[in-house]
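**Student:** Just one file: structure.csv, with CSV, C-alpha atoms and all ligand atoms.
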```
chain,number,residue,atom,x,y,z
A,22,MET,CA,250.6,-0.6,-63.9
A,23,LYS,CA,250.3,-0.2,-60.1
A,24,ASP,CA,248.5,-2.8,-58.1
A,25,ILE,CA,244.8,-2.1,-57.4
A,26,ALA,CA,245.2,-2.4,-53.6
A,27,THR,CA,247.0,0.9,-53.3
A,28,VAL,CA,245.6,4.3,-52.3
A,29,GLY,CA,246.6,6.0,-55.6
A,30,ARG,CA,245.3,3.4,-58.0
A,31,THR,CA,242.1,2.9,-56.1
A,32,LYS,CA,241.4,6.7,-56.1
A,33,GLN,CA,242.1,6.7,-59.8
A,34,ILE,CA,239.7,3.8,-60.5
A,35,LEU,CA,236.9,5.4,-58.4
A,36,ALA,CA,237.3,8.7,-60.2
A,37,ASP,CA,237.6,7.2,-63.7
A,38,HIS,CA,234.3,5.2,-63.2
A,39,GLY,CA,232.5,7.9,-61.1
A,40,PHE,CA,232.0,5.2,-58.5
A,41,THR,CA,230.5,6.1,-55.1
A,42,PHE,CA,230.5,3.7,-52.1
A,43,LYS,CA,227.2,2.1,-50.9
A,44,LYS,CA,227.4,1.7,-47.2
A,45,SER,CA,224.4,-0.6,-47.2
A,46,LEU,CA,226.5,-3.2,-49.2
A,47,GLY,CA,229.4,-3.0,-46.8
A,48,GLN,CA,231.7,-1.5,-49.3
A,49,ASN,CA,235.1,-0.9,-47.7
A,50,PHE,CA,237.9,-1.6,-50.2
A,51,LEU,CA,241.4,-2.8,-49.3
A,52,VAL,CA,244.2,-0.4,-50.1
A,53,ASP,CA,247.1,-2.2,-48.4
A,54,LEU,CA,249.1,-4.9,-50.2
A,55,ASN,CA,250.8,-6.1,-47.0
A,56,VAL,CA,247.6,-7.3,-45.4
A,57,ILE,CA,246.6,-9.1,-48.6
A,58,ARG,CA,250.0,-10.8,-48.9
A,59,GLU,CA,249.8,-12.0,-45.3
A,60,VAL,CA,246.4,-13.6,-46.0
A,61,LEU,CA,247.7,-15.2,-49.2
A,62,ASN,CA,250.8,-16.6,-47.5
A,63,LYS,CA,248.6,-18.2,-44.8
A,64,ALA,CA,246.1,-19.6,-47.3
A,65,GLY,CA,248.7,-21.8,-49.1
A,66,ILE,CA,247.5,-20.9,-52.6
A,67,THR,CA,249.1,-22.7,-55.5
A,68,GLU,CA,248.3,-22.8,-59.2
A,69,ARG,CA,246.3,-26.0,-58.4
A,70,THR,CA,244.0,-24.0,-56.0
A,71,GLY,CA,240.6,-22.7,-57.0
A,72,VAL,CA,239.4,-19.7,-55.1
A,73,ILE,CA,235.9,-18.4,-54.5
A,74,GLU,CA,235.8,-14.7,-53.5
A,75,VAL,CA,232.7,-13.0,-52.1
A,76,GLY,CA,232.4,-9.3,-53.0
A,77,PRO,CA,235.5,-8.4,-55.2
A,78,GLY,CA,234.7,-4.7,-55.1
A,79,ILE,CA,237.0,-3.1,-57.6
A,80,GLY,CA,239.3,-6.2,-57.6
A,81,SER,CA,241.9,-5.3,-55.0
A,82,LEU,CA,242.1,-8.8,-53.5
A,83,THR,CA,240.9,-10.6,-56.7
A,84,GLU,CA,244.0,-9.4,-58.6
A,85,GLN,CA,246.4,-10.8,-56.0
A,86,LEU,CA,244.5,-14.0,-55.8
A,87,ALA,CA,244.7,-14.4,-59.6
A,88,LYS,CA,248.5,-14.0,-59.6
A,89,ARG,CA,248.8,-17.1,-57.4
A,90,ALA,CA,245.7,-19.3,-57.9
A,91,GLY,CA,244.7,-21.5,-60.8
A,92,LYS,CA,241.3,-19.9,-61.0
A,93,VAL,CA,239.3,-17.3,-59.2
A,94,VAL,CA,235.5,-17.0,-59.2
A,95,ALA,CA,234.2,-13.8,-57.6
A,96,PHE,CA,230.5,-13.1,-56.8
A,97,GLU,CA,229.6,-9.4,-56.7
A,98,ILE,CA,226.1,-8.2,-56.0
A,99,ASP,CA,226.6,-4.6,-57.1
A,100,GLN,CA,225.9,-4.3,-60.8
A,101,ARG,CA,227.8,-0.9,-61.0
A,102,LEU,CA,231.0,-2.8,-60.2
A,103,ILE,CA,230.8,-5.2,-63.1
A,104,PRO,CA,232.2,-2.8,-65.8
A,105,VAL,CA,234.8,-1.5,-63.3
A,106,LEU,CA,236.0,-5.1,-62.7
A,107,ARG,CA,236.0,-5.8,-66.5
A,108,ASP,CA,238.4,-2.9,-66.8
A,109,THR,CA,240.6,-3.5,-63.7
A,110,LEU,CA,240.9,-7.2,-64.1
A,111,SER,CA,241.4,-7.3,-67.9
A,112,PRO,CA,245.1,-8.4,-67.6
A,113,TYR,CA,244.0,-11.7,-66.0
A,114,ASP,CA,242.5,-14.6,-67.9
A,115,ASN,CA,241.8,-16.8,-64.9
A,116,ILE,CA,239.1,-14.8,-63.2
A,117,GLU,CA,235.3,-15.2,-63.6
A,118,VAL,CA,233.1,-12.5,-62.1
A,119,ILE,CA,229.5,-13.4,-61.4
A,120,ASN,CA,227.0,-10.6,-60.8
A,121,GLU,CA,225.0,-12.4,-58.2
A,122,ASP,CA,224.0,-12.2,-54.5
A,123,ILE,CA,226.2,-14.9,-52.9
A,124,LEU,CA,223.2,-16.0,-50.7
A,125,GLU,CA,221.2,-16.8,-53.9
A,126,ALA,CA,224.0,-18.3,-55.9
A,127,ASP,CA,224.2,-22.0,-56.8
A,128,ILE,CA,227.7,-22.4,-55.4
A,129,ARG,CA,227.8,-26.2,-55.8
A,130,LYS,CA,227.1,-25.9,-59.5
A,131,THR,CA,229.7,-23.2,-59.9
A,132,ILE,CA,232.3,-25.4,-58.2
A,133,ALA,CA,231.5,-28.3,-60.5
A,134,GLU,CA,231.6,-26.1,-63.6
A,135,GLU,CA,234.6,-23.8,-62.9
A,136,PHE,CA,237.1,-25.7,-60.8
A,137,SER,CA,237.4,-29.1,-62.5
A,138,GLU,CA,241.1,-28.5,-63.1
A,139,CYS,CA,241.8,-27.6,-59.5
A,140,ASP,CA,243.0,-29.9,-56.7
A,141,GLU,CA,241.1,-28.0,-54.0
A,142,VAL,CA,238.7,-25.1,-53.6
A,143,ILE,CA,239.0,-22.5,-50.9
A,144,VAL,CA,237.2,-19.3,-50.0
A,145,VAL,CA,239.1,-16.0,-49.5
A,146,ALA,CA,237.2,-12.8,-48.9
A,147,ASN,CA,237.0,-9.5,-47.3
A,148,LEU,CA,233.3,-10.0,-46.5
A,149,PRO,CA,230.5,-7.5,-46.5
A,150,TYR,CA,230.2,-7.2,-42.7
A,151,TYR,CA,226.4,-6.8,-42.6
A,152,ILE,CA,226.0,-10.4,-43.7
A,153,THR,CA,229.1,-12.3,-42.5
A,154,THR,CA,227.2,-14.9,-40.4
A,155,PRO,CA,224.6,-15.8,-43.1
A,156,ILE,CA,227.3,-16.1,-45.7
A,157,LEU,CA,229.5,-18.4,-43.7
A,158,MET,CA,226.5,-20.6,-42.5
A,159,ASN,CA,225.3,-20.8,-46.1
A,160,PHE,CA,228.7,-22.2,-47.2
A,161,LEU,CA,229.0,-24.6,-44.3
A,162,GLU,CA,225.4,-25.9,-44.0
A,163,GLN,CA,225.3,-26.9,-47.7
A,164,ASN,CA,228.3,-29.2,-47.1
A,165,LEU,CA,230.1,-27.8,-50.1
A,166,PRO,CA,233.5,-29.2,-51.1
A,167,ILE,CA,235.5,-26.3,-49.7
A,168,ALA,CA,238.7,-27.1,-47.9
A,169,ARG,CA,239.5,-23.8,-46.1
A,170,PHE,CA,238.2,-20.3,-45.5
A,171,TYR,CA,240.3,-17.1,-45.0
A,172,VAL,CA,237.9,-14.3,-44.3
A,173,MET,CA,238.2,-10.8,-43.1
A,174,MET,CA,235.3,-9.7,-40.9
A,175,GLN,CA,234.3,-7.5,-38.0
A,176,LYS,CA,236.5,-8.2,-35.0
A,177,GLU,CA,233.6,-8.9,-32.7
A,178,VAL,CA,232.2,-11.6,-35.0
A,179,GLY,CA,235.6,-13.2,-35.5
A,180,GLU,CA,236.0,-13.4,-31.8
A,181,ARG,CA,232.6,-15.1,-31.4
A,182,ILE,CA,233.5,-17.6,-34.2
A,183,SER,CA,236.7,-18.7,-32.6
A,184,ALA,CA,235.7,-18.5,-28.9
A,185,PRO,CA,236.2,-21.5,-26.7
A,186,PRO,CA,233.5,-22.7,-24.1
A,187,GLY,CA,233.5,-20.6,-21.0
A,188,SER,CA,234.7,-17.4,-22.7
A,189,LYS,CA,232.6,-14.2,-22.9
A,190,ALA,CA,232.3,-14.4,-26.7
A,191,TYR,CA,231.2,-18.0,-26.8
A,192,GLY,CA,227.8,-18.7,-28.1
A,193,SER,CA,225.7,-20.7,-30.6
A,194,LEU,CA,227.8,-19.3,-33.5
A,195,SER,CA,231.0,-20.6,-32.0
A,196,ILE,CA,229.4,-24.1,-31.7
A,197,ALA,CA,228.0,-24.0,-35.3
A,198,ILE,CA,231.5,-23.1,-36.6
A,199,ASP,CA,233.2,-25.6,-34.4
A,200,TYR,CA,230.8,-28.3,-35.6
A,201,PHE,CA,231.9,-27.8,-39.2
A,202,THR,CA,235.5,-26.4,-38.9
A,203,GLU,CA,238.6,-25.8,-36.9
A,204,ALA,CA,238.7,-22.0,-36.6
A,205,ARG,CA,241.4,-19.6,-35.4
A,206,VAL,CA,242.2,-16.0,-35.6
A,207,VAL,CA,245.0,-15.2,-38.0
A,208,GLN,CA,245.5,-11.5,-37.3
A,209,ASN,CA,244.0,-8.2,-36.4
A,210,VAL,CA,243.5,-5.6,-39.2
A,211,PRO,CA,243.6,-1.9,-38.6
A,212,LYS,CA,240.8,0.4,-40.0
A,213,SER,CA,243.5,2.3,-41.9
A,214,VAL,CA,243.9,-0.4,-44.6
A,215,PHE,CA,240.4,0.3,-46.0
A,216,MET,CA,238.9,3.0,-48.2
A,217,PRO,CA,236.7,4.3,-46.7
A,218,PRO,CA,237.8,3.2,-43.2
A,219,PRO,CA,234.9,1.2,-41.5
A,220,ASN,CA,233.6,2.1,-38.1
A,221,VAL,CA,234.6,-1.2,-36.6
A,222,ASP,CA,237.9,-3.1,-36.1
A,223,SER,CA,238.6,-6.1,-38.3
A,224,ILE,CA,240.1,-9.5,-38.0
A,225,ILE,CA,241.1,-12.4,-40.3
A,226,VAL,CA,239.9,-15.8,-39.4
A,227,GLU,CA,241.0,-19.2,-40.8
A,228,MET,CA,238.5,-22.0,-40.8
A,229,VAL,CA,239.6,-25.5,-41.9
A,230,ARG,CA,236.7,-27.7,-42.8
A,231,ARG,CA,236.6,-31.0,-40.8
A,232,GLU,CA,236.4,-34.2,-42.8
A,233,ALA,CA,233.3,-35.0,-40.9
A,234,PRO,CA,231.4,-32.8,-38.4
A,235,LYS,CA,232.9,-32.8,-34.9
A,236,VAL,CA,230.0,-34.8,-33.5
A,237,ASN,CA,227.7,-37.3,-35.1
A,238,VAL,CA,224.1,-36.0,-35.2
A,239,GLU,CA,221.6,-37.1,-37.8
A,240,ASP,CA,219.2,-34.2,-37.4
A,241,GLU,CA,221.3,-31.1,-37.6
A,242,ALA,CA,218.3,-28.8,-37.4
A,243,LEU,CA,217.4,-30.3,-34.0
A,244,PHE,CA,221.0,-30.1,-32.8
A,245,PHE,CA,221.2,-26.4,-33.7
A,246,LYS,CA,217.9,-25.8,-32.1
A,247,LEU,CA,219.4,-27.2,-28.9
A,248,THR,CA,222.6,-25.1,-29.2
A,249,ARG,CA,220.7,-21.8,-30.0
A,250,GLY,CA,218.1,-22.6,-27.4
A,251,ALA,CA,220.7,-22.9,-24.6
A,252,PHE,CA,221.7,-19.3,-25.2
A,253,GLY,CA,218.1,-17.9,-25.4
A,254,GLN,CA,218.8,-15.9,-22.3
A,255,ARG,CA,222.5,-16.1,-21.4
A,256,ARG,CA,222.0,-15.7,-17.6
A,257,LYS,CA,219.5,-18.5,-17.5
A,258,THR,CA,220.3,-22.2,-16.8
A,259,ILE,CA,219.9,-24.6,-19.7
A,260,LEU,CA,216.9,-26.2,-17.8
A,261,ASN,CA,215.1,-22.8,-17.9
A,262,ASN,CA,216.1,-21.9,-21.4
A,263,TYR,CA,214.9,-25.3,-22.7
A,264,SER,CA,211.7,-25.1,-20.8
A,265,SER,CA,210.8,-22.1,-22.8
A,266,ILE,CA,211.7,-23.5,-26.2
A,267,PHE,CA,210.1,-26.9,-25.9
A,268,GLU,CA,206.4,-26.4,-25.4
A,269,ASP,CA,204.9,-29.8,-26.0
A,270,GLY,CA,204.0,-32.1,-23.1
A,271,LYS,CA,206.9,-34.5,-23.6
A,272,LYS,CA,209.3,-31.8,-22.8
A,273,LYS,CA,207.8,-30.2,-19.7
A,274,LYS,CA,210.3,-29.0,-17.2
A,275,ASP,CA,210.6,-32.2,-15.1
A,276,VAL,CA,211.0,-34.2,-18.3
A,277,ILE,CA,213.7,-31.9,-19.5
A,278,HIS,CA,215.4,-32.2,-16.1
A,279,GLN,CA,215.4,-36.0,-16.4
A,280,MET,CA,216.6,-35.8,-20.0
A,281,LEU,CA,219.6,-33.6,-19.0
A,282,GLU,CA,220.5,-35.9,-16.1
A,283,GLN,CA,220.4,-38.8,-18.5
A,284,ALA,CA,222.8,-36.9,-20.7
A,285,GLY,CA,225.1,-36.5,-17.7
A,286,ILE,CA,224.7,-32.7,-17.9
A,287,ASP,CA,223.8,-30.7,-14.7
A,288,PRO,CA,220.6,-28.9,-15.5
A,289,ARG,CA,221.8,-25.9,-13.6
A,290,ARG,CA,224.7,-25.3,-16.0
A,291,ARG,CA,224.5,-22.4,-18.5
A,292,GLY,CA,224.9,-22.7,-22.2
A,293,GLU,CA,228.2,-20.8,-22.2
A,294,SER,CA,229.9,-23.7,-20.2
A,295,LEU,CA,228.9,-26.4,-22.6
A,296,SER,CA,231.1,-27.8,-25.4
A,297,THR,CA,230.0,-29.1,-28.8
A,298,GLU,CA,230.4,-32.6,-27.4
A,299,ASP,CA,228.2,-31.7,-24.4
A,300,PHE,CA,225.4,-30.6,-26.8
A,301,ALA,CA,225.8,-33.9,-28.7
A,302,LYS,CA,225.1,-35.7,-25.4
A,303,ILE,CA,222.0,-33.7,-24.8
A,304,TYR,CA,220.9,-34.4,-28.4
A,305,ASP,CA,221.5,-38.1,-27.9
A,306,ALA,CA,219.5,-38.1,-24.7
A,307,LEU,CA,216.6,-36.2,-26.3
A,308,LYS,CA,216.5,-38.6,-29.2
A,309,ALA,CA,216.6,-41.6,-26.9
A,310,PHE,CA,213.8,-40.2,-24.6
A,311,PRO,CA,210.6,-42.2,-24.8
A,312,GLU,CA,207.6,-40.4,-26.5
B,401,LIG,N1,237.1,-7.5,-51.9
B,401,LIG,C1,237.0,-6.0,-52.0
B,401,LIG,C2,238.2,-5.5,-51.2
B,401,LIG,O1,238.7,-6.2,-50.3
B,401,LIG,O2,238.6,-4.3,-51.5
B,401,LIG,C3,235.7,-5.5,-51.5
B,401,LIG,C4,235.3,-5.9,-50.1
B,401,LIG,S1,233.9,-5.0,-49.5
B,401,LIG,C5,234.2,-5.2,-47.8
B,401,LIG,C6,232.5,-6.1,-49.7
B,401,LIG,C7,232.1,-6.4,-51.1
B,401,LIG,O3,231.0,-7.3,-51.1
B,401,LIG,C8,231.5,-5.1,-51.9
B,401,LIG,O4,232.1,-5.1,-53.2
B,401,LIG,C9,230.0,-5.4,-52.0
B,401,LIG,O5,229.4,-4.8,-53.1
B,401,LIG,C10,230.0,-6.9,-52.0
B,401,LIG,N2,228.7,-7.5,-51.5
B,401,LIG,C11,227.8,-7.1,-50.6
B,401,LIG,N3,226.8,-7.9,-50.4
B,401,LIG,C12,227.0,-9.0,-51.2
B,401,LIG,C13,226.3,-10.2,-51.5
B,401,LIG,N4,225.2,-10.5,-50.9
B,401,LIG,N5,226.8,-11.0,-52.5
B,401,LIG,C14,227.9,-10.7,-53.2
B,401,LIG,N6,228.7,-9.6,-52.9
B,401,LIG,C15,228.2,-8.7,-52.0
```
What does the file become when written as structure tokens?
**Tutor:**
Amino acid sequence: MKDIATVGRTKQILADHGFTFKKSLGQNFLVDLNVIREVLNKAGITERTGVIEVGPGIGSLTEQLAKRAGKVVAFEIDQRLIPVLRDTLSPYDNIEVINEDILEADIRKTIAEEFSECDEVIVVANLPYYITTPILMNFLEQNLPIARFYVMMQKEVGERISAPPGSKAYGSLSIAIDYFTEARVVQNVPKSVFMPPPNVDSIIVEMVRREAPKVNVEDEALFFKLTRGAFGQRRKTILNNYSSIFEDGKKKKDVIHQMLEQAGIDPRRRGESLSTEDFAKIYDALKAFPE
């Protein structure tokens, strides 16, 4: 039987099951084996690897993952795809499909239950583009035992994720990802490898989880409030951006000014010029500031 990730087989599966795409669920299925093989080669999958896939669709990527990995667990929100997957993935006995929204799933429990035989767990996915950021942050903030991520996403989001300080795409998402992982763009992906082709260009990003976050902050919520707050209005200085997010007396403008100076950060700088380490200095200064 032909691989699922081909135009001919995909059309056949869609016709056999009378399946129609739901745009609102970001359904663009891969119909190119070369792109999939590239991802799998980079991901370093062996039979000791456990893989979590988000959104298997009709199983194009899932099938190729199952050929190399020890076990694949795929979360699919669309109930209509469950019988399709049961059919297309029937030759493989190392795949578990879970009909759940990945944002609601108890991933920690799934890892404990499904991957006890594996040496490592990684995430490989052609993500639903409308929720790329929430999905990634949900994986990362929970501090799950996931070693690496290989994810296809909208090009613009991928560029933001991997952007260095000072670049146009750099923002609070770049810092959040840098805090937890080392991220890099693996390759660009043309629209033609999907059915139907999406409106936007795509990119594959690798994220390798750091053993410990890049900087040491106890209160992550406060740290991320500082990073997001610095980009409230991109053209404003951090002093002005922080003046509008901290309303209580302690943090009036002159106090924020002093606090930034104590952190060794020029209050006239803009968020886009500050590294993850710079934000950790601001965090430390804020924590040390007298009530
Ligand atoms: N992996 C398949 C492929 O590459 O051909 C399909 C990828 S398609 C871009 C995204 C998939 O994610 C769709 O099957 C969609 O139904 C599913 N999906 C969308 N939102 C989801 C969610 N919140 N949780 C789990 N799956 C979701």
**Student:** For stretch 82-93 of chain A, find every residue with an atom within 10 Å (counting all atoms listed in the file), except residues of its own chain fewer than 2 positions away, and show them as a PyMOL selection string.
**Tutor:** chain A and resi 24-26+50-54+56-58+60-61+65-80+95+106+109-118+135-136+138-140+142-147
**Student:** Could you please take those selected residues and save C-alpha atoms as a tab-separated table (two decimals), in the coordinates of the input?
**Tutor:**
```
chain	number	residue	atom	x	y	z
A	24	ASP	CA	248.50	-2.80	-58.10
A	25	ILE	CA	244.80	-2.10	-57.40
A	26	ALA	CA	245.20	-2.40	-53.60
A	50	PHE	CA	237.90	-1.60	-50.20
A	51	LEU	CA	241.40	-2.80	-49.30
A	52	VAL	CA	244.20	-0.40	-50.10
A	53	ASP	CA	247.10	-2.20	-48.40
A	54	LEU	CA	249.10	-4.90	-50.20
A	56	VAL	CA	247.60	-7.30	-45.40
A	57	ILE	CA	246.60	-9.10	-48.60
A	58	ARG	CA	250.00	-10.80	-48.90
A	60	VAL	CA	246.40	-13.60	-46.00
A	61	LEU	CA	247.70	-15.20	-49.20
A	65	GLY	CA	248.70	-21.80	-49.10
A	66	ILE	CA	247.50	-20.90	-52.60
A	67	THR	CA	249.10	-22.70	-55.50
A	68	GLU	CA	248.30	-22.80	-59.20
A	69	ARG	CA	246.30	-26.00	-58.40
A	70	THR	CA	244.00	-24.00	-56.00
A	71	GLY	CA	240.60	-22.70	-57.00
A	72	VAL	CA	239.40	-19.70	-55.10
A	73	ILE	CA	235.90	-18.40	-54.50
A	74	GLU	CA	235.80	-14.70	-53.50
A	75	VAL	CA	232.70	-13.00	-52.10
A	76	GLY	CA	232.40	-9.30	-53.00
A	77	PRO	CA	235.50	-8.40	-55.20
A	78	GLY	CA	234.70	-4.70	-55.10
A	79	ILE	CA	237.00	-3.10	-57.60
A	80	GLY	CA	239.30	-6.20	-57.60
A	95	ALA	CA	234.20	-13.80	-57.60
A	106	LEU	CA	236.00	-5.10	-62.70
A	109	THR	CA	240.60	-3.50	-63.70
A	110	LEU	CA	240.90	-7.20	-64.10
A	111	SER	CA	241.40	-7.30	-67.90
A	112	PRO	CA	245.10	-8.40	-67.60
A	113	TYR	CA	244.00	-11.70	-66.00
A	114	ASP	CA	242.50	-14.60	-67.90
A	115	ASN	CA	241.80	-16.80	-64.90
A	116	ILE	CA	239.10	-14.80	-63.20
A	117	GLU	CA	235.30	-15.20	-63.60
A	118	VAL	CA	233.10	-12.50	-62.10
A	135	GLU	CA	234.60	-23.80	-62.90
A	136	PHE	CA	237.10	-25.70	-60.80
A	138	GLU	CA	241.10	-28.50	-63.10
A	139	CYS	CA	241.80	-27.60	-59.50
A	140	ASP	CA	243.00	-29.90	-56.70
A	142	VAL	CA	238.70	-25.10	-53.60
A	143	ILE	CA	239.00	-22.50	-50.90
A	144	VAL	CA	237.20	-19.30	-50.00
A	145	VAL	CA	239.10	-16.00	-49.50
A	146	ALA	CA	237.20	-12.80	-48.90
A	147	ASN	CA	237.00	-9.50	-47.30
```
**Student:** Which is closest to A:Pro288 among A:Leu124, A:Val172, A:Leu260, A:Ile196, if we use all atoms listed in the file?
**Tutor:** A:Leu260
**Student:** Just the number, please: distance in Å from atom CA of A:Val94 to atom O3 of ligand LIG 401 (chain B), one decimal.
**Tutor:** 13.4 Å
**Student:** What is the distance, in Å and to one decimal place, between atom CA of A:Ala36 and atom C3 of ligand LIG 401 (chain B)?
**Tutor:**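 Interatomic distance, atom CA of A:Ala36 to atom C3 of ligand LIG 401 (chain B): 16.7 Å.
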**Student:** Please determine, counting all atoms listed in the file, which residue among A:Val210, A:Met173, A:Ile225, A:Ala168 has the shortest atom-to-atom distance to ligand LIG 401 (chain B).
**Tutor:**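 That would be A:Met173, the residue with the smallest distance to ligand LIG 401 (chain B).
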**Student:** Could you give me, as a PyMOL selection string, the residues that sit within 9 Å of (209.5, -26.3, -18.3) in the file's coordinates, counting all atoms listed in the file?
**Tutor:** chain A and resi 260-268+272-278
**Student:** Pick out the closest residue to ligand LIG 401 (chain B) from this set: A:Arg181, A:Arg205, A:Lys212, A:Arg231. Count all atoms listed in the file.
**Tutor:**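 Going through A:Arg181, A:Arg205, A:Lys212, A:Arg231 one by one, the smallest distance to ligand LIG 401 (chain B) is for A:Lys212.
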**Student:** What's the 6 Å shell around A:Ser296, counting all atoms listed in the file, without same-chain residues fewer than 2 positions away, as a list in words?
**Tutor:**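 The filter keeps Pro186, Glu298 and Asp299 of chain A.
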**Student:** Emit the selected residues as a PDB file, in the frame of the given file, including C-alpha atoms.
**Tutor:**
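Final output, saved to out_10.pdb:
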```pdb
ATOM      1  CA  PRO A 186     233.500 -22.700 -24.100  1.00  0.00           C
ATOM      2  CA  GLU A 298     230.400 -32.600 -27.400  1.00  0.00           C
ATOM      3  CA  ASP A 299     228.200 -31.700 -24.400  1.00  0.00           C
TER       4      ASP A 299
END
```
**Student:** Between A:Lys176, A:Arg255, A:Lys235, A:Lys246, which is the closest to A:Tyr191 once you count only C-alpha atoms?
**Tutor:**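 Selected residue with least distance to A:Tyr191: A:Arg255.
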**Student:** For A:Gly285, which residue among A:Ile198, A:Asp305, A:Met228, A:Ser188 is the nearest when counting only C-alpha atoms?
**Tutor:**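 Using only C-alpha atoms, A:Gly285 sits closest to A:Asp305.
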**Student:** In Å, with one decimal, what is the gap from atom CA of A:Gly39 to atom CA of A:Leu102?
**Tutor:**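 Here the two named atoms are 10.8 Å from each other.
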**Student:** Between A:Thr202, A:Thr41, A:Thr27, A:Gln48, single out the one closest to ligand LIG 401 (chain B), counting only C-alpha atoms and all ligand atoms.
**Tutor:**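 Closest candidate: A:Gln48.
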**Student:** Please report as JSON lines every residue of stretch 162-230 of chain A lying within 9 Å of stretch 247-254 of chain A, along with the nearest atom pair and their distance in Å (one decimal), using all atoms listed in the file.
**Tutor:**
```
{"residue": "A:Gly192", "atom": "CA", "partner": "A:Phe252", "partner_atom": "CA", "distance": 6.8}
{"residue": "A:Ser193", "atom": "CA", "partner": "A:Arg249", "partner_atom": "CA", "distance": 5.2}
{"residue": "A:Leu194", "atom": "CA", "partner": "A:Arg249", "partner_atom": "CA", "distance": 8.3}
{"residue": "A:Ile196", "atom": "CA", "partner": "A:Thr248", "partner_atom": "CA", "distance": 7.3}
{"residue": "A:Ala197", "atom": "CA", "partner": "A:Thr248", "partner_atom": "CA", "distance": 8.2}
```
